[in-house]
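What follows is a set of notes on a single structure, which appears directly below.
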Amino acid sequence: MAKTSKIFIITIVGAIALLTYFEASEPEPINWFPSYAKTDKIPLGTFVSYNLMKEAFNISGFKDINQPPYEFLTDHDTVSGTYFFINGAIDFDKDELNKVLTWVEKGNTLFISAKTIEYKLLDTLNIDTDNLFSFDDIDTKPMVALTNTNLKKQFPFLYDRDITNPYFSELDTINTTVLGVSQLYNDTLKIKDPKINYLQQSFGNGKILLHTFPEAFGNYFMLKDKNYEYTQNLLAYIDPAKQILWDNYYKSGKTFYTSPLFLLLNNRYLKWAYYLIIIGGLLFVFFEGKRKQRSIPVIEPLKNQTLAFTRTISGMYFEKGEHKEIATKQNLLFLDYVRNVLRTPTDHLDEKTLIDISARSNNDLEDTKILFRYFDELNRKSKIEKEELVRLYELITAYKSRA
């Protein structure tokens with residue numbers, strides 16, 4: 001191996017080793033993906049709230065739903081309780097929404113905590129939403145509180161991360177009860193300009209609870225100071241005697257992983273070991289293939305000597321004065337030309353065949369007949385002169401030139 005190649009390989013291996021060291025020594029970045037899946041222990045997973053609720057409502061009163069609401073309610077039309085949805089967005093289709101609302105009308109409860117709530121549902125309830133923003137500060141950390149004096153704390157709960165903060169800007173004041181409010185943090189833990197972020201509205205014999213701060217059920221919020229008290233009080237409007245139907249279908253995160261590489265790539269050390277194997281394999285193929293490759297010699301194909309051979313043989317006949325033999329060969333070669341190039345059989349050279357030959361060679365029928373009559377004339381002679389052979393050559397050449 002050349003010295004330059006060795007230096008290049010050592011440099012690449014050293015760079016990869018250095019990159020691996022820096023990557024392995026860096027602290028694991030926090031995953032802020034809004035998963036809201038019950039199995040996720042990341043900040044915006046619901047592992048903590050799910051297990052606490054399951055314990056509080058006991059196992060028999062808590063049921064996981066892993067299929068679309070439409071399918072579940074169709075298959076279990078007698079089920080009752082509170083259908084619990086937590087996610088970044090909840091978007092029912094038309095038939096599914098009608099199915100859920102019909103179920104609520106029978107005396108059940110629909111709870112939705114999401115930043116984006118199905119527009120058709122909001123329109124049905126005469127509700128509209130907007131987002132909190134501030135002209136004076138770029139921070140968008142929200143403060144949240146409940147309005148019920150029995151549930152309200154002395155200070156609102158602060159979520160110390162910048163997020164989008166939707167709220168209910170318009171609502172049906174006659175049929176709607178305001179349960180909670182929010183406001184952007186303004187250097188003091190006091191809500192001066194409350195915006196509605198939690199409400200309740202009756203629907204038939206049941207009720208609908210809408211909440212626009214799903215982070216309240218995330219692991220980060222639940223484990224931060226005493227924020228769990230806010231989440232706990234949110235659930236005060238749910239009947240504990242009825243079953244909780246926890247939705248696992250409308251979740252941004254997965255409750256199970258189908259990729260065989262998930263466990264491998266989810267661990268930093270296994271991930272880099274996997275990458276090193278791939279990089280090492282590519283380097284091996286590149287350098288080993290280059291080292292062992294040999295140039296393939298170019299083999300010139302054999303030249304076609306048919307023309308030279310023909311010229312030699314014809315020259316011999318001509319020098320010996322065997323004009324008859326040359327004329328016979330010319331006749332046979334022309335017939336071969338007719339069969340292979342003009343695609344016309346020469347078994348019977350009758351009138352029809354001559355017409356076909358003249359048509360396919362772009363020659364007049366009379367010129368075709370003159371050529372073939374001359375062939376016959378020479379074939380009948382036992383000996384021909386040089387001038388006759390030259391005339392035959394000229395006739396054939398002129399005939400082919402018009403083809």
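Here, A, B, ... name the chains of the structure tokens in the order displayed, residue numbers run from 1 inside each chain, and ligands are numbered from 1 in the same displayed order.
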Practice task
as a PyMOL selection string, list the residues of segment 35-191 of chain A assigned to strand (DSSP E) by DSSP on the backbone atoms of this structure.
Solution key: chain A and resi 62-65+82-86+89-90+109-113+116-117+128-131+142-146+157-158+166-170+176-184
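Excluding segment 111-123 of chain A itself and same-chain residues fewer than 4 positions from it, the residues having an atom within 8 Å of it are Thr82, Tyr83, Phe84, Phe85, Ile86, Asn87, Gly88, Ala89, Ile90, Asp91, Phe92, Lys94, Leu97, Ile127, Asp128, Asn165, Pro166, Ile208, Leu209, Leu210, His211, Thr212, Phe213 and Pro214 of chain A, counting only C-alpha atoms.
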Handout entry: Who sits within 6 Å of segment 65-78 of chain A, only C-alpha atoms, same chain under 4 positions skipped, as a ChimeraX atom specification
Key = /A:96,246-249
Completion exercise
Of A:Ala273, A:Leu335, A:Leu392, A:Lys303, the one nearest to Ala17 of chain A when counting only C-alpha atoms is A:Ala273
Problem - Close residues, Asn197 of chain A itself excluded, 7 Å, only C-alpha atoms, min 4 positions apart in chain, as a VMD selection string - result: chain A and resid 167 to 168 180 to 182 211 to 212
Handout entry: Pairwise distance for atom CA of Gln200 of chain A and atom CA of Thr177 of chain A, rounded to one decimal in Å
Key = 5.1 Å
As a tab-separated table (two decimals) with N, CA, C and O atoms, in the first residue's frame, list the residues of segment 191-287 of chain A assigned to alpha helix (DSSP H) by DSSP on the backbone atoms of this structure.
```tsv
chain	number	residue	atom	x	y	z
A	219	ASN	N	-44.91	14.70	31.59
A	219	ASN	CA	-44.05	14.32	32.72
A	219	ASN	C	-43.33	15.52	33.33
A	219	ASN	O	-43.20	15.62	34.55
A	220	TYR	N	-42.87	16.43	32.48
A	220	TYR	CA	-42.11	17.58	32.96
A	220	TYR	C	-42.95	18.46	33.89
A	220	TYR	O	-42.52	18.84	34.98
A	221	PHE	N	-44.15	18.78	33.46
A	221	PHE	CA	-45.03	19.63	34.28
A	221	PHE	C	-45.44	18.92	35.56
A	221	PHE	O	-45.45	19.51	36.64
A	222	MET	N	-45.76	17.64	35.46
A	222	MET	CA	-46.23	16.89	36.62
A	222	MET	C	-45.17	16.78	37.71
A	222	MET	O	-45.48	16.79	38.91
A	223	LEU	N	-43.91	16.69	37.32
A	223	LEU	CA	-42.82	16.49	38.29
A	223	LEU	C	-42.15	17.79	38.71
A	223	LEU	O	-41.21	17.77	39.52
A	228	TYR	N	-48.38	19.18	39.89
A	228	TYR	CA	-49.32	18.06	39.82
A	228	TYR	C	-50.68	18.43	40.42
A	228	TYR	O	-51.71	17.84	40.06
A	229	GLU	N	-50.68	19.43	41.34
A	229	GLU	CA	-51.94	19.85	41.95
A	229	GLU	C	-52.88	20.45	40.91
A	229	GLU	O	-54.11	20.26	40.98
A	230	TYR	N	-52.33	21.18	39.94
A	230	TYR	CA	-53.16	21.74	38.87
A	230	TYR	C	-53.79	20.62	38.05
A	230	TYR	O	-55.00	20.63	37.79
A	231	THR	N	-52.96	19.65	37.64
A	231	THR	CA	-53.48	18.52	36.86
A	231	THR	C	-54.52	17.73	37.65
A	231	THR	O	-55.54	17.30	37.10
A	232	GLN	N	-54.22	17.54	38.90
A	232	GLN	CA	-55.15	16.81	39.77
A	232	GLN	C	-56.50	17.50	39.85
A	232	GLN	O	-57.56	16.86	39.76
A	233	ASN	N	-56.48	18.82	39.97
A	233	ASN	CA	-57.74	19.58	40.07
A	233	ASN	C	-58.47	19.67	38.74
A	233	ASN	O	-59.69	19.87	38.71
A	234	LEU	N	-57.73	19.54	37.63
A	234	LEU	CA	-58.40	19.48	36.33
A	234	LEU	C	-59.39	18.32	36.28
A	234	LEU	O	-60.45	18.41	35.67
A	262	PHE	N	-35.00	0.41	16.24
A	262	PHE	CA	-35.33	1.42	17.25
A	262	PHE	C	-34.45	1.29	18.48
A	262	PHE	O	-33.84	2.27	18.94
A	263	LEU	N	-34.36	0.09	19.05
A	263	LEU	CA	-33.55	-0.10	20.27
A	263	LEU	C	-32.08	0.19	19.99
A	263	LEU	O	-31.37	0.71	20.85
A	264	LEU	N	-31.63	-0.15	18.80
A	264	LEU	CA	-30.22	0.08	18.45
A	264	LEU	C	-29.92	1.56	18.34
A	264	LEU	O	-28.94	2.06	18.90
A	265	LEU	N	-30.78	2.31	17.66
A	265	LEU	CA	-30.53	3.73	17.43
A	265	LEU	C	-30.97	4.60	18.60
A	265	LEU	O	-30.59	5.77	18.68
A	266	ASN	N	-31.74	4.04	19.52
A	266	ASN	CA	-32.18	4.81	20.67
A	266	ASN	C	-31.12	4.88	21.76
A	266	ASN	O	-31.20	5.70	22.67
A	268	ARG	N	-27.20	5.66	22.55
A	268	ARG	CA	-26.12	6.41	21.91
A	268	ARG	C	-24.94	5.51	21.55
A	268	ARG	O	-24.37	5.60	20.45
A	269	TYR	N	-24.55	4.63	22.45
A	269	TYR	CA	-23.35	3.81	22.23
A	269	TYR	C	-23.60	2.74	21.17
A	269	TYR	O	-22.73	2.49	20.31
A	270	LEU	N	-24.76	2.12	21.22
A	270	LEU	CA	-25.08	1.15	20.18
A	270	LEU	C	-25.23	1.83	18.82
A	270	LEU	O	-24.85	1.28	17.79
A	271	LYS	N	-25.76	3.05	18.84
A	271	LYS	CA	-25.95	3.78	17.59
A	271	LYS	C	-24.59	4.06	16.93
A	271	LYS	O	-24.42	3.84	15.73
A	272	TRP	N	-23.63	4.54	17.73
A	272	TRP	CA	-22.32	4.85	17.15
A	272	TRP	C	-21.54	3.60	16.78
A	272	TRP	O	-20.77	3.60	15.83
A	273	ALA	N	-21.76	2.52	17.50
A	273	ALA	CA	-21.14	1.25	17.09
A	273	ALA	C	-21.69	0.81	15.73
A	273	ALA	O	-20.95	0.34	14.86
A	274	TYR	N	-22.97	1.00	15.54
A	274	TYR	CA	-23.62	0.66	14.27
A	274	TYR	C	-23.07	1.53	13.14
A	274	TYR	O	-22.74	1.04	12.04
A	275	TYR	N	-22.95	2.84	13.40
A	275	TYR	CA	-22.39	3.74	12.38
A	275	TYR	C	-20.95	3.40	12.05
A	275	TYR	O	-20.53	3.45	10.88
A	276	LEU	N	-20.15	3.05	13.07
A	276	LEU	CA	-18.74	2.72	12.83
A	276	LEU	C	-18.61	1.46	11.97
A	276	LEU	O	-17.71	1.37	11.13
A	277	ILE	N	-19.48	0.49	12.20
A	277	ILE	CA	-19.44	-0.73	11.38
A	277	ILE	C	-19.72	-0.39	9.91
A	277	ILE	O	-19.05	-0.87	9.00
A	278	ILE	N	-20.71	0.46	9.70
A	278	ILE	CA	-21.06	0.85	8.32
A	278	ILE	C	-19.90	1.61	7.67
A	278	ILE	O	-19.50	1.33	6.53
A	279	ILE	N	-19.35	2.61	8.42
A	279	ILE	CA	-18.24	3.41	7.86
A	279	ILE	C	-17.03	2.53	7.61
A	279	ILE	O	-16.36	2.64	6.57
A	280	GLY	N	-16.72	1.64	8.57
A	280	GLY	CA	-15.58	0.74	8.39
A	280	GLY	C	-15.76	-0.17	7.18
A	280	GLY	O	-14.81	-0.43	6.44
A	281	GLY	N	-16.99	-0.67	7.01
A	281	GLY	CA	-17.24	-1.52	5.85
A	281	GLY	C	-17.06	-0.78	4.53
A	281	GLY	O	-16.49	-1.32	3.58
A	282	LEU	N	-17.53	0.47	4.48
A	282	LEU	CA	-17.36	1.27	3.26
A	282	LEU	C	-15.89	1.55	2.97
A	282	LEU	O	-15.45	1.48	1.82
A	283	LEU	N	-15.13	1.87	4.02
A	283	LEU	CA	-13.69	2.11	3.84
A	283	LEU	C	-12.98	0.85	3.36
A	283	LEU	O	-12.09	0.91	2.50
A	284	PHE	N	-13.35	-0.29	3.92
A	284	PHE	CA	-12.72	-1.56	3.51
A	284	PHE	C	-12.99	-1.83	2.03
A	284	PHE	O	-12.08	-2.18	1.27
A	285	VAL	N	-14.24	-1.66	1.63
A	285	VAL	CA	-14.58	-1.90	0.22
A	285	VAL	C	-13.83	-0.95	-0.69
A	285	VAL	O	-13.31	-1.34	-1.74
A	286	PHE	N	-13.75	0.33	-0.26
A	286	PHE	CA	-13.10	1.33	-1.11
A	286	PHE	C	-11.61	1.04	-1.28
A	286	PHE	O	-11.10	0.98	-2.40
A	287	PHE	N	-10.90	0.84	-0.18
A	287	PHE	CA	-9.45	0.68	-0.26
A	287	PHE	C	-9.04	-0.72	-0.71
A	287	PHE	O	-8.10	-0.88	-1.50
```
Exercise for the section: Between A:Lys153, A:Lys41, A:His323, A:Lys207, single out the one closest to Lys386 of chain A, counting only C-alpha atoms. Expected result: A:His323
Problem - Residues within 12 Å of Ile396 of chain A, only C-alpha atoms, excluding chain neighbours under 2 positions, as a VMD selection string - result: chain A and resid 327 330 to 331 333 to 335 337 to 338 361 363 367 to 368 370 to 372 374 to 375 389 to 394 398 to 403
Exercise for the section: Could you check how far atom CA of Lys329 of chain A sits from atom CA of Leu378 of chain A, in Å to one decimal? Expected result: 11.8 Å
Handout entry: Residue nearest Trp32 of chain A - candidates A:Asp162, A:Glu387, A:Asp95, A:Asp137, atoms counted: only C-alpha atoms
Key =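 Using only C-alpha atoms, the shortest distance to Trp32 of chain A belongs to A:Asp162.
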Practice task
Between A:Leu151, A:Ile16, A:Val298, A:Met53, single out the one closest to Gln243 of chain A, counting only C-alpha atoms.
Solution key: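 Of A:Leu151, A:Ile16, A:Val298, A:Met53, the one nearest Gln243 of chain A, counting only C-alpha atoms, is A:Met53.
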